[in-house]
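Asker: Could you have a look at this structure, given as structure tokens, before my questions?
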Amino acid sequence: MTADTSRAGSIETRDSVLNDPKVRSAVIQIVLIASIFGLGWWMVDNTARNLAASNIASGFGFLGARAGFDIAQLPIDYSSNSTYGRAILVGLTNTLIVASTGIVFATILGFLVGIGRLSRNLIVRAVCTAYVEIFRNLPPLLVILFWYFGVLAVLPLPRNAIELPFSSYISNRGLQTPVAVFQSGAWVAGLLLLAGIVATIVLSRVYRRRQMQSGQRTSILWPALALIVGVPLVAFFLSGSPVEFEAPERGTFNLVGGFQIKPEFLALFLALAVYTASFIAEIVRAGILSVSKGQNEAAAALGLRRGLALRLVVVPQAFRVIIPPLTSQYLNLTKNSSLGLAIGYPELVAVGSTVLNQSGQSIEVVVVWMTVYLGLSVTVSFFMNWFNRKMALVER
């Protein structure tokens with residue numbers, strides 16, 4: 001007995017065309033791409049119509065016009081006669097300064113607190129736990145306002161400034177530190193210092209290659225000190241000490257001389273670093289706990305103390321877990337620097353807001369903001385991905 005499957009086969013064939021995953025996937029992608037282009041076209045056309053109705057010229061030609069306003073913190077040359085483009089460049093430089101210094105400080109503090117969370121000392125562990133639980137549960141804007149209005153604003157006036165080590169003073173006007181004044185010939189010591197750093201890196205690789213081949217480990221401490229410290233210091237004194245330090249002095253009403261770090265930068269830098277470090281501490285703690293206990297036991301069997309075992313055995317393996325989420329925290333810190341607008345720190349968004357209000361070029365300024373932050377994020381991600389590949393353990 002046989003069954004007639006010719007009719008059922010023809011129906012299945014027609015249905016298979018509609019249910020073919022390849023056809024369905026192609027149709028969905030075409031519809032999605034068409035929708036995206038349609039939405040983009042509608043947004044551009046609508047924006048152009050609104051700008052034309054408001055008699056607002058489009059384009060980036062306004063960046064060459066005179067700015068006409070001052071900026072409080074100037075890492076590069078700028079005056080009110082400079083252009084809008086120069087003003088935005090000043091804001092971008094301030095953003096880069098606070099983001100880069102904040103990342104460095106947050107990384108150091110986060111690693112220390114993360115390791116402290118695993119300390120056998122009860123007090124150290126409790127203090128680190130309290131720090132993490134307090135700061136990671138607060139909004140970053142609130143932390144910035146805390147440092148600006150709750151810590152720095154209540155410091156004494158400059159004439160009663162608090163004296164710190166190394167001839168530095170802190171008041172409600174910020175931190176006043178000595179500044180180095182370079183004279184002719186100072187570049188020789190600087191060049192030798194740079195050459196010493198490069199030579200130390202090369203020597204370290206040579207020593208490591210020799211250790212991999214022979215198993216003998218050679219200390220690089222004294223050669224590194226001689227190259228980085230000894231040779232530049234000898235050149236510095238032989239050239240007549242061509243660097244002088246100008247220390248601030250307390251005047252009748254103000255501090256005179258030295259280098260002033262304004263309270264807006266201090267508040268934003270401390271807030272971003274302390275806030276981000278609380279997240280980095282938890283990432284470091286999780287990374288260390290991800291390493292199996294057998295590695296600690298093996299290090300102890302080799303006679304390594306707890307500190308050496310942590311530095312030489314545990315932390316290098318924990319990097320595989322630490323680096324990817326660490327990248328996200330660096331990106332968050334960079335983007336959170338835009339909150340400096342709340343306390344008047346002249347970063348990119350704050351300066352761009354002034355440009356936007358004066359020129360009326362809102363679309364173009366927003367495009368500049370988005371392009372810059374996207375570029376910074378991609379750069380940080382690219383560097384951290386490269387670093388992650390360098391730190392990855394290669395299995396044999």
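Each chain in the structure tokens gets a letter, A, B and so on, in the order shown; residues start at 1 in every chain, and ligands are counted from 1 in the order they appear.
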Could you name the residues that touch Ile288 in chain A at 10 Å or less, counting only C-alpha atoms, but leaving out those on the same chain fewer than 4 positions away, as a ChimeraX atom specification?
Answerer: /A:114-115,118,282-284,292,310,314-319,321-322
Asker: Would you list the contacts of range 37-48 of chain A as a PyMOL selection string, taking every protein, DNA or RNA residue within 12 Å and counting only C-alpha atoms, but skipping same-chain residues closer than 5 positions in sequence?
Answerer: chain A and resi 30-32+53-59+362-364
Asker: Quick one: residues within 6 Å of range 233-244 of chain A, only C-alpha atoms counted, chain neighbours fewer than 4 positions away excluded, as a count of residues only?
Answerer: 6
Asker: Would you kindly return, as a list in words, each protein, DNA or RNA residue with an atom no farther than 6 Å from any atom of range 265-271 of chain A, considering only C-alpha atoms and excluding same-chain residues fewer than 4 positions away?
Answerer: Val98, Gly102, Val143, Ile144, Trp147, Tyr148 and Tyr275 of chain A
Asker: Pick from A:Phe279, A:Tyr207, A:Trp386, A:Trp187: nearest to Cys128 in chain A, with only C-alpha atoms counted?
Answerer: A:Phe279
